[in-house]
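**Q** Shown below is the structure under consideration.
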Amino acid sequence: MKLALIVLIPFIGAVVPPLAIQAGRNICTAVTAAVTALSLIILLTEVPAVYSGIVPQTKTQWLPHLGLSLSFFIDGLGLFFATLILAVGLLIILYARFYLDRADPVGRFFCYLLLFQGSMLGIVLSDNILLIVVFWELTSLSSFLLIGYWYHLPASRAGAFMALLVTGAGGLALIGGMLLLGHIAGSFELTEILTRGEAIKASPLYLPALLLVLFGAFTKSAQFPFHFWLPHAMAAPTPVSAYLHSATMVKAGVFLLARLWPVLSGTPEWFLIVSLTGLITMVVAAWIALFKDDLKALLAFSTVSHLGLLTMLLGLGTRIAVIAAMFHVLNHATFKAALFMCAGIVDHETGTRDIRRLGGLRYFMPITSSLAIIAAASMAGVPLLNGFLSKEMMLEEASHTVYAGQPWLFPVLATVGALLSAAYAGRIIFHVFLGPERHDYPHQPHDPPIGMWLPIAVLAVPIIVIGVMPATLAETIVSAAARAAAGSTLPAYHFALWHGLTPALAMSAIALFGGLMLLWAYPAANRVRLSVPRPDAMMMFVASVAGIVRASRFVVGNLNNGSLPRYFAVIVGTIGVLGLVGFLGAAPASVAGNRTPLAVTLPAVTGWLVLLMACGLIVWRHHDRLAALIVTSIVGLVVSLAFLQFSAPDLALTQISVEVVTTILLLLAINLLPRTTPDELPLRAKFAAGGLALMGGAGIAALAYAVMTRGLETISGYYVEQAKPGGGGANIVNVILVDFRGYDTFGEIIVLAIAALTIFALLDSAMHGAAGRRLARTRFDPTAHDPHPLMLTVVTRVLLPLSLTVGVYILLRGHNVPGGGFIAGLVVAIAFLMQYMASGYVWAHRRARFDAHAMIGGGVMIAGATGLASLLFDKPFLTSTFGHFHLPVFGEVELASAMAFDLGVFSTVVGTCLLSLATLSRVEERAEQASNQAEARAR
Amino acid sequence: MSMEFLLATAIGALTAVGLYLILQRRTFPVVIGLSFLSYAVNAFLFAMGRLTINLPPIVHTEAEGYTDPLPQALVLTAIVITFGMTALIVVLSLRSFLETGADDVTLSTQPDEVATAAHPRREQQ
């Protein structure tokens, strides 16, 4: 739990700065620093344990079925990075207090900064690779917020967008890589995975997992060719650049490579890809950095170059190289953060970051200049400073690396990289701080308040101390980190200033003096640079983003063009293709199975022929909507007869009564809709639709035939056996509906209720507005003079009591013989609807003694109450019961609680039908009145 | 020919007609097409329990055997839901016709106008 607190404290603390800013900037800074310090103190209490070889762990399940858990651990590597994050964080907070302008929203800034800090700590302390991915994405998001902090500046927005896009894409790849890794290892716990390196390297999925993880790491750590986002991220305030884009976040990729080093490294693929990427990045970025005139851009590309150096070291695959990488992480964090803060001070004091307009600053700001010169000299690799030591270790490793049979490639290019690095560091020293005194500054620069240079001074201490006495403190910290990263004991090595006359010493010397020479020949080198082509990363990025947007617009525009037929065609075509692929991919089998087929009967063939004729007829004549409706009801009739034929009396009853209600509904609708469908489809479209339809029909027919002619292992045995003893009913279908699967039915009547209420809402409001005006303009054909014929009126009124009796009878008997709430509800609804049809809405409505809304709500409530009642007896929702009762007149009667449930179903169905159709006929009535009035006026 | 063949071809024919009709450009054929598709789907689901003749789903002492009641129960609710769906889309198409005076199911938009097409009426005001 304590470990989780280290990560959680910054997240929880992030809410404090926006509130504390009310009390002023100093209080706000103090609480932010306090949050960071608290986390740091808890972390440091773990130091003795970690250094004595214990790995503190904590684990809480989060989504166990996905393998995601909130588990954290601290080993040497995690401790190393976490300390770096929190310690540099403290300095940055202090610096930011003085750097940010009075007008900047400081509370928001510190809030984002703490969010970032927590995310970063999460990456380095997580013991679950999926959790690492979660925090990884959080760093991308918080970095986006921090880069875009000055969101009124276009450069900030563009830089933030680019960083998010590049690191976000890498994050997606990383998710894939981590999932593969967890799949191979059989666990998502990092400590587990680290023990299974051999199995992972032997897996056929090793290469895809490696490539995905590397894509994530390379985008985050700005490796070539994804290096372009980092310089644009420098649009952020300088504290952000110093913190995220030099000391911490961009090292997340390096951290990941180190973290997974025991699992992924040691293969030829790893060596070939990682070391070369690092080397190219180191040299290319250093070359670009040398010629940048913007101080921050120079530092940005120099950061990219140093990240390349780290990547190359990890790519070499030797344990000494891991030590060198960890050592350089520490050294780079100190001198680069210091340099960024110096650049911020220069910008702040002189109003410019352009190196061509700077120079001789040591006369104006001696403290800042001294600190900056120390840091830059360390970066250049000047002895007695820490940069020299790790850079020499790097050169030593490079000097005996043979890449693709070429023993000269790495030593030469590594020396070139170091040389360029010395040159641009020299450029900072000689062109900004040293040199002649200038008097063309907008205002006289001077040293900033102590709060701004103190953090740099604090960083200068390790630069010198490590540089002079590397064996004292640095060796302990670095070797603990490297031991954890390498996952094994380390070979004998020693940090020392003097290793004798080694090749590395010669390379260091060449780099340092060569760098100075290059600086001396700077104008000539610049001409060389201008003569070679320089691809503009921003332009290429913008062009490729625009290309992607165009491509997706094209796809979306063609798929989502507002045309329903297009959507249907795409959906049907996709399903058809998938079905075809599945069919062709499976083992070949004949469509017909070996189940004994049923012999055909004459009525069946007759019904079949009628159905086929109806199908042909409707394709031919569907433009006449009334004809189409009649044909549809014929088909419905045949379908219900088919149900009857194949031992499904309940279905037959339901289908035929639904058919009646649907037909009435469609008739009412047709009256207000156009009577015909225009024959507007071009022949080509008709053939396309027909082809698609035939393909779908044939597929479904074949599928149905294949299934029906094969045997069936039914799962209904339980229902058949238990219908009578368990459910108290003989009609198994009805018992399933109201008892075994009562929950489904309950859900279904709620759906019906919602549909009815939606219909009511749609039609009730159709009397007003544009729809209402159109209704008032409707003219019916005056030849239909008698809307309510006498015969129909009389017959329906006489039939009403009879129909109601039949409905109630069907409801009551439904539990044992065909019938039930659904069918009874439909029958009763039809009986009432006939009154609306025959006698008109006004007449029927005036006499209706019930409220359809209440019937719907009541029905759902009765069904629900039946279910809840079982809770009173400590049984699960909708448990049914039944018993036999002796009634005076009827004798022995069996009553089941499920029958009450069926009553609820009945009530809902009646209410739904009545509400839908009565509302529709009310609209109709309105149109008819308007039509009659218009006719009367005309006469 | 067998009963299975008759039912399978009938389901195929209903599906084909349903698909053909929903690919039309007006609301009413789409509604009718969906009805046909519903017939096909319901019959298909029902057929998954295999075809039986004279084996009722009613418990009886003299019954020789039972048909599979589970697909029947599923299809029974499906038929009623189909009614709810048909009623809803018919009313939806009616309302849209009353509102706009047109009953076609296509918006005439260019690809770039897709975003604005989501609120065509708001634009008109």
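Chain labels follow the order of the structure tokens: the first chain is A, the next B, and so on; residue numbering restarts at 1 in every chain, and ligands are counted from 1 in their shown order.
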Just need the residues of chain B within 6 Å of chain A, counting only C-alpha atoms, so spit them out as a PyMOL selection string.
**A** chain B and resi 2-3+8-9+12-13+15-16+19-20+23+50-59+69+73+76+84+88+98-99+105-107+111
**Q** Export N, CA and C atoms of the chosen residues as a compact mmCIF listing (two decimals), in the first residue's frame?
**A**
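Saved as result15.txt:
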```txt
# COMPACT_ATOMS: atom_id res chain seq x y z
N SER B 2 -38.70 -32.31 -49.73
CA SER B 2 -39.10 -32.61 -48.36
C SER B 2 -39.63 -31.33 -47.72
N MET B 3 -40.25 -31.50 -46.57
CA MET B 3 -40.74 -30.34 -45.84
C MET B 3 -39.60 -29.37 -45.55
N ALA B 8 -36.94 -24.26 -46.14
CA ALA B 8 -35.67 -23.57 -46.38
C ALA B 8 -35.78 -22.63 -47.58
N THR B 9 -36.39 -23.11 -48.68
CA THR B 9 -36.51 -22.23 -49.84
C THR B 9 -37.45 -21.07 -49.55
N GLY B 12 -35.53 -18.59 -47.70
CA GLY B 12 -34.64 -17.92 -48.64
C GLY B 12 -35.37 -16.88 -49.46
N ALA B 13 -36.55 -17.25 -49.96
CA ALA B 13 -37.33 -16.32 -50.78
C ALA B 13 -37.73 -15.08 -49.97
N THR B 15 -36.23 -13.89 -47.36
CA THR B 15 -35.03 -13.08 -47.12
C THR B 15 -34.69 -12.24 -48.34
N ALA B 16 -34.71 -12.90 -49.52
CA ALA B 16 -34.33 -12.19 -50.74
C ALA B 16 -35.27 -11.01 -50.99
N LEU B 19 -34.58 -8.26 -48.47
CA LEU B 19 -33.36 -7.51 -48.77
C LEU B 19 -33.58 -6.58 -49.97
N TYR B 20 -34.28 -7.10 -50.98
CA TYR B 20 -34.52 -6.27 -52.16
C TYR B 20 -35.32 -5.02 -51.78
N LEU B 23 -33.55 -2.22 -49.88
CA LEU B 23 -32.57 -1.48 -50.68
C LEU B 23 -33.25 -0.42 -51.55
N ARG B 50 -35.72 -27.78 -35.44
CA ARG B 50 -36.06 -28.85 -36.38
C ARG B 50 -37.59 -28.96 -36.53
N LEU B 51 -37.97 -29.53 -37.64
CA LEU B 51 -39.41 -29.60 -37.95
C LEU B 51 -40.00 -30.89 -37.38
N THR B 52 -41.14 -30.75 -36.74
CA THR B 52 -41.87 -31.92 -36.26
C THR B 52 -43.33 -31.73 -36.60
N ILE B 53 -44.01 -32.85 -36.77
CA ILE B 53 -45.44 -32.78 -37.07
C ILE B 53 -46.17 -33.61 -36.02
N ASN B 54 -47.23 -33.02 -35.48
CA ASN B 54 -48.08 -33.72 -34.51
C ASN B 54 -47.36 -34.11 -33.23
N LEU B 55 -46.40 -33.30 -32.82
CA LEU B 55 -45.78 -33.50 -31.51
C LEU B 55 -45.97 -32.20 -30.75
N PRO B 56 -47.06 -32.05 -30.01
CA PRO B 56 -47.38 -30.74 -29.43
C PRO B 56 -46.43 -30.35 -28.30
N PRO B 57 -46.28 -29.05 -28.04
CA PRO B 57 -45.48 -28.60 -26.90
C PRO B 57 -46.31 -28.54 -25.64
N ILE B 58 -47.28 -29.43 -25.52
CA ILE B 58 -48.18 -29.42 -24.36
C ILE B 58 -47.98 -30.74 -23.61
N VAL B 59 -47.74 -30.65 -22.31
CA VAL B 59 -47.52 -31.88 -21.54
C VAL B 59 -48.82 -32.68 -21.46
N PRO B 69 -39.69 -26.90 -27.37
CA PRO B 69 -40.48 -25.70 -27.03
C PRO B 69 -39.64 -24.43 -26.96
N ALA B 73 -40.74 -20.54 -27.84
CA ALA B 73 -40.88 -19.45 -26.87
C ALA B 73 -40.11 -18.22 -27.35
N LEU B 76 -41.99 -16.64 -30.22
CA LEU B 76 -43.24 -15.97 -29.83
C LEU B 76 -42.94 -14.54 -29.38
N GLY B 84 -43.93 -4.42 -32.41
CA GLY B 84 -43.54 -3.15 -31.81
C GLY B 84 -42.60 -2.38 -32.73
N LEU B 88 -43.30 1.14 -34.70
CA LEU B 88 -42.45 2.30 -34.43
C LEU B 88 -41.89 2.89 -35.73
N LEU B 98 -44.78 13.73 -42.70
CA LEU B 98 -45.61 14.89 -42.36
C LEU B 98 -44.73 16.12 -42.12
N GLU B 99 -43.58 15.88 -41.54
CA GLU B 99 -42.71 17.00 -41.19
C GLU B 99 -42.06 17.62 -42.42
N VAL B 105 -35.44 7.81 -48.14
CA VAL B 105 -34.54 7.45 -47.05
C VAL B 105 -33.10 7.83 -47.36
N THR B 106 -32.92 8.78 -48.29
CA THR B 106 -31.56 9.23 -48.58
C THR B 106 -31.48 10.72 -48.34
N LEU B 107 -30.35 11.13 -47.80
CA LEU B 107 -30.07 12.55 -47.70
C LEU B 107 -29.16 12.87 -48.87
N PRO B 111 -19.90 14.38 -49.50
CA PRO B 111 -19.11 13.86 -48.38
C PRO B 111 -18.74 14.90 -47.34
```
**Q** Using DSSP on the backbone, list every residue of chain B that comes out as strand (DSSP E or B), and give them as a PyMOL selection string.
**A** chain B and resi 26+58+104+106
**Q** What is the atom CA of Met120 of chain A to atom CA of Thr195 of chain A distance in Å?
**A**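 Taking atom CA of Met120 of chain A as the start and atom CA of Thr195 of chain A as the end point, the length is 24.4 Å.
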**Q** Mind checking which residues fall within 12 Å of segment 51-65 of chain A, counting only C-alpha atoms, ignoring those fewer than 3 positions away in the same chain, and posting them as a ChimeraX atom specification?
**A** /A:1-6,43-48,68-80,125-128,130-131,187-191,476-481,483-484,489
**Q** What's around Leu34 of chain B at 12 Å? Count only C-alpha atoms, leave out sequence neighbours fewer than 5 positions away in its own chain, and write the answer as a list in words.
**A**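 These residues fall inside the cut-off: Phe568 and Thr632 of chain A; Leu14, Thr15, Ala16, Val17, Gly18, Leu19, Tyr20, Leu21, Ile22, Leu23, Gln24, Thr27, Phe28, Pro29, Tyr39, Ala40, Val41, Asn42, Thr82, Phe83, Met85, Thr86, Ala87, Ile89 and Val90 of chain B.
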**Q** Atoms to include: C-alpha atoms. Write the selected residues as a short mmCIF file (atom, residue, chain, number, x, y, z; two decimals), in the first residue's frame.
**A**
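File produced: again-v8.cif:
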```cif
data_model
loop_
_atom_site.label_atom_id
_atom_site.label_comp_id
_atom_site.auth_asym_id
_atom_site.auth_seq_id
_atom_site.Cartn_x
_atom_site.Cartn_y
_atom_site.Cartn_z
CA PHE A 568 -27.98 -1.66 -45.94
CA THR A 632 -47.68 -8.95 -47.11
CA LEU B 14 -38.59 -14.19 -47.89
CA THR B 15 -35.03 -13.08 -47.12
CA ALA B 16 -34.33 -12.19 -50.74
CA VAL B 17 -37.55 -10.16 -51.07
CA GLY B 18 -36.89 -8.46 -47.75
CA LEU B 19 -33.36 -7.51 -48.77
CA TYR B 20 -34.52 -6.27 -52.16
CA LEU B 21 -37.17 -4.07 -50.59
CA ILE B 22 -34.97 -2.54 -47.92
CA LEU B 23 -32.57 -1.48 -50.68
CA GLN B 24 -35.29 0.80 -52.14
CA THR B 27 -39.76 4.50 -46.48
CA PHE B 28 -42.73 2.28 -47.23
CA PRO B 29 -40.88 -0.43 -49.19
CA TYR B 39 -40.89 -13.38 -41.22
CA ALA B 40 -37.72 -14.97 -42.53
CA VAL B 41 -35.80 -14.52 -39.30
CA ASN B 42 -38.63 -15.81 -37.13
CA THR B 82 -41.52 -7.39 -34.46
CA PHE B 83 -44.92 -5.79 -34.15
CA MET B 85 -40.67 -2.46 -34.19
CA THR B 86 -42.87 -2.28 -37.27
CA ALA B 87 -45.28 0.07 -35.54
CA ILE B 89 -40.74 2.61 -37.81
CA VAL B 90 -44.02 3.11 -39.63
#
```
**Q** From the options A:Leu385, A:Leu895, A:Val528, A:Ala869, which residue's atoms come nearest to Ile466 of chain A, counting only C-alpha atoms?
**A** A:Leu385
**Q** Under the rule that only C-alpha atoms are counted, which of A:Thr502, A:Pro268, A:Leu257, A:Gly821 is the nearest residue to Thr77 of chain B?
**A**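 Of all the options, A:Gly821 lies closest to Thr77 of chain B.
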**Q** Could you pull out the helix (DSSP H, G or I) residues of chain B, going by DSSP on the backbone, and write them as a short mmCIF file (atom, residue, chain, number, x, y, z; two decimals) with C-alpha atoms, in the first residue's frame?
**A**
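That gives us selection-v8.cif:
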```cif
data_model
loop_
_atom_site.label_atom_id
_atom_site.label_comp_id
_atom_site.auth_asym_id
_atom_site.auth_seq_id
_atom_site.Cartn_x
_atom_site.Cartn_y
_atom_site.Cartn_z
CA MET B 3 -40.74 -30.34 -45.84
CA GLU B 4 -37.28 -29.11 -44.88
CA PHE B 5 -36.63 -28.14 -48.49
CA LEU B 6 -39.93 -26.27 -48.72
CA LEU B 7 -39.32 -24.31 -45.55
CA ALA B 8 -35.67 -23.57 -46.38
CA THR B 9 -36.51 -22.23 -49.84
CA ALA B 10 -39.42 -20.25 -48.41
CA ILE B 11 -37.12 -18.67 -45.85
CA GLY B 12 -34.64 -17.92 -48.64
CA ALA B 13 -37.33 -16.32 -50.78
CA LEU B 14 -38.59 -14.19 -47.89
CA THR B 15 -35.03 -13.08 -47.12
CA ALA B 16 -34.33 -12.19 -50.74
CA VAL B 17 -37.55 -10.16 -51.07
CA GLY B 18 -36.89 -8.46 -47.75
CA LEU B 19 -33.36 -7.51 -48.77
CA TYR B 20 -34.52 -6.27 -52.16
CA LEU B 21 -37.17 -4.07 -50.59
CA ILE B 22 -34.97 -2.54 -47.92
CA THR B 27 -39.76 4.50 -46.48
CA PHE B 28 -42.73 2.28 -47.23
CA PRO B 29 -40.88 -0.43 -49.19
CA VAL B 30 -38.27 -0.43 -46.43
CA VAL B 31 -40.99 -1.03 -43.82
CA ILE B 32 -42.49 -3.86 -45.88
CA GLY B 33 -39.01 -5.24 -46.51
CA LEU B 34 -38.30 -5.30 -42.80
CA SER B 35 -41.57 -7.20 -42.28
CA PHE B 36 -40.44 -9.79 -44.81
CA LEU B 37 -37.06 -10.06 -43.15
CA SER B 38 -38.80 -10.54 -39.81
CA TYR B 39 -40.89 -13.38 -41.22
CA ALA B 40 -37.72 -14.97 -42.53
CA VAL B 41 -35.80 -14.52 -39.30
CA ASN B 42 -38.63 -15.81 -37.13
CA ALA B 43 -39.13 -18.86 -39.35
CA PHE B 44 -35.39 -19.45 -39.39
CA LEU B 45 -35.16 -19.31 -35.60
CA PHE B 46 -38.13 -21.62 -35.36
CA ALA B 47 -36.52 -24.05 -37.82
CA PRO B 69 -40.48 -25.70 -27.03
CA LEU B 70 -37.52 -23.39 -26.55
CA PRO B 71 -37.29 -21.96 -30.10
CA GLN B 72 -41.04 -21.54 -30.01
CA ALA B 73 -40.88 -19.45 -26.87
CA LEU B 74 -38.11 -17.35 -28.38
CA VAL B 75 -40.00 -16.84 -31.62
CA LEU B 76 -43.24 -15.97 -29.83
CA THR B 77 -41.61 -13.02 -28.12
CA ALA B 78 -39.82 -12.18 -31.36
CA ILE B 79 -43.12 -11.94 -33.23
CA VAL B 80 -44.53 -9.52 -30.67
CA ILE B 81 -41.35 -7.45 -30.66
CA THR B 82 -41.52 -7.39 -34.46
CA PHE B 83 -44.92 -5.79 -34.15
CA GLY B 84 -43.54 -3.15 -31.81
CA MET B 85 -40.67 -2.46 -34.19
CA THR B 86 -42.87 -2.28 -37.27
CA ALA B 87 -45.28 0.07 -35.54
CA LEU B 88 -42.45 2.30 -34.43
CA ILE B 89 -40.74 2.61 -37.81
CA VAL B 90 -44.02 3.11 -39.63
CA VAL B 91 -44.93 5.94 -37.30
CA LEU B 92 -41.41 7.30 -37.58
CA SER B 93 -41.63 7.37 -41.35
CA LEU B 94 -45.11 8.88 -41.17
CA ARG B 95 -43.95 11.64 -38.89
CA SER B 96 -40.94 12.37 -41.05
CA PHE B 97 -43.21 12.53 -44.10
CA LEU B 98 -45.61 14.89 -42.36
CA GLU B 99 -42.71 17.00 -41.19
CA THR B 100 -40.79 17.28 -44.45
CA PRO B 111 -19.11 13.86 -48.38
CA ASP B 112 -17.95 17.12 -46.83
CA GLU B 113 -21.45 17.98 -45.73
CA VAL B 114 -21.90 14.84 -43.67
CA ALA B 115 -21.17 16.65 -40.45
CA THR B 116 -23.67 19.41 -41.12
CA ALA B 117 -26.27 16.97 -42.42
CA PRO B 120 -30.33 19.86 -41.40
CA ARG B 121 -33.34 21.51 -39.85
CA ARG B 122 -31.36 23.65 -37.50
CA GLU B 123 -29.46 24.96 -40.50
CA GLN B 124 -32.61 26.00 -42.27
#
```
**Q** Quick one: residues within 12 Å of Leu113 of chain A, only C-alpha atoms, excluding same-chain residues fewer than 5 positions away - as a ChimeraX atom specification?
**A** /A:10-11,13-18,29,32-33,35-36,85-86,89-90,92-93,96,106-108,118-120,138-139,141-147,149,237,239-241,243-244,248-249
**Q** Could you tell me how far atom CA of Asn386 of chain A lies from atom CA of Ser246 of chain A, in Å and to one decimal?
**A** 16.7 Å
**Q** Would you list the contacts of Val88 of chain A as a PDB file with N, CA and C atoms, in the first residue's frame, taking every protein, DNA or RNA residue within 10 Å and counting only C-alpha atoms, but skipping same-chain residues closer than 4 positions in sequence?
**A**
```
ATOM      1  N   ALA A  82      12.560   6.802 -10.188  1.00  0.00           N
ATOM      2  CA  ALA A  82      11.584   7.510  -9.357  1.00  0.00           C
ATOM      3  C   ALA A  82      12.253   8.640  -8.592  1.00  0.00           C
ATOM      4  N   THR A  83      13.448   8.378  -8.079  1.00  0.00           N
ATOM      5  CA  THR A  83      14.173   9.426  -7.351  1.00  0.00           C
ATOM      6  C   THR A  83      14.476  10.594  -8.274  1.00  0.00           C
ATOM      7  N   LEU A  84      14.914  10.247  -9.494  1.00  0.00           N
ATOM      8  CA  LEU A  84      15.217  11.279 -10.479  1.00  0.00           C
ATOM      9  C   LEU A  84      13.980  12.141 -10.762  1.00  0.00           C
ATOM     10  N   ILE A  92      12.312  21.796 -10.372  1.00  0.00           N
ATOM     11  CA  ILE A  92      11.543  22.431 -11.440  1.00  0.00           C
ATOM     12  C   ILE A  92      10.395  23.257 -10.859  1.00  0.00           C
ATOM     13  N   ILE A  93       9.791  22.759  -9.787  1.00  0.00           N
ATOM     14  CA  ILE A  93       8.669  23.491  -9.180  1.00  0.00           C
ATOM     15  C   ILE A  93       9.151  24.841  -8.654  1.00  0.00           C
ATOM     16  N   ALA A 242      12.431  21.442 -19.525  1.00  0.00           N
ATOM     17  CA  ALA A 242      13.513  20.914 -18.699  1.00  0.00           C
ATOM     18  C   ALA A 242      13.094  19.613 -18.024  1.00  0.00           C
ATOM     19  N   TYR A 243      11.841  19.553 -17.626  1.00  0.00           N
ATOM     20  CA  TYR A 243      11.396  18.421 -16.825  1.00  0.00           C
ATOM     21  C   TYR A 243      10.985  17.242 -17.708  1.00  0.00           C
ATOM     22  N   ALA A 247      14.584  15.545 -18.869  1.00  0.00           N
ATOM     23  CA  ALA A 247      14.972  14.719 -17.727  1.00  0.00           C
ATOM     24  C   ALA A 247      14.109  13.473 -17.568  1.00  0.00           C
ATOM     25  N   THR A 248      12.813  13.564 -17.865  1.00  0.00           N
ATOM     26  CA  THR A 248      11.954  12.439 -17.469  1.00  0.00           C
ATOM     27  C   THR A 248      11.197  11.782 -18.611  1.00  0.00           C
ATOM     28  N   ALA A 333      20.449  13.859 -17.122  1.00  0.00           N
ATOM     29  CA  ALA A 333      19.367  14.538 -16.397  1.00  0.00           C
ATOM     30  C   ALA A 333      19.917  15.753 -15.666  1.00  0.00           C
ATOM     31  N   THR A 334      21.101  15.645 -15.087  1.00  0.00           N
ATOM     32  CA  THR A 334      21.634  16.790 -14.334  1.00  0.00           C
ATOM     33  C   THR A 334      22.046  17.916 -15.269  1.00  0.00           C
ATOM     34  N   ALA A 337      18.937  19.309 -17.705  1.00  0.00           N
ATOM     35  CA  ALA A 337      17.924  20.101 -16.992  1.00  0.00           C
ATOM     36  C   ALA A 337      18.516  21.450 -16.618  1.00  0.00           C
ATOM     37  N   ALA A 338      19.776  21.435 -16.170  1.00  0.00           N
ATOM     38  CA  ALA A 338      20.437  22.691 -15.817  1.00  0.00           C
ATOM     39  C   ALA A 338      20.519  23.608 -17.032  1.00  0.00           C
ATOM     40  N   PRO A 455      18.007  26.179  -8.276  1.00  0.00           N
ATOM     41  CA  PRO A 455      17.866  24.808  -8.789  1.00  0.00           C
ATOM     42  C   PRO A 455      19.029  24.398  -9.685  1.00  0.00           C
ATOM     43  N   VAL A 458      21.974  23.610  -7.551  1.00  0.00           N
ATOM     44  CA  VAL A 458      21.824  22.297  -6.924  1.00  0.00           C
ATOM     45  C   VAL A 458      22.220  21.202  -7.906  1.00  0.00           C
ATOM     46  N   LEU A 459      21.864  21.378  -9.169  1.00  0.00           N
ATOM     47  CA  LEU A 459      22.206  20.371 -10.173  1.00  0.00           C
ATOM     48  C   LEU A 459      23.699  20.399 -10.498  1.00  0.00           C
TER      49      LEU A 459
END
```
**Q** Quick check, in Å to one decimal: how far apart do atom CA of Ala169 of chain A and atom CA of Ile132 of chain A lie?
**A**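 About the pair atom CA of Ala169 of chain A and atom CA of Ile132 of chain A: they are 15.8 Å apart.
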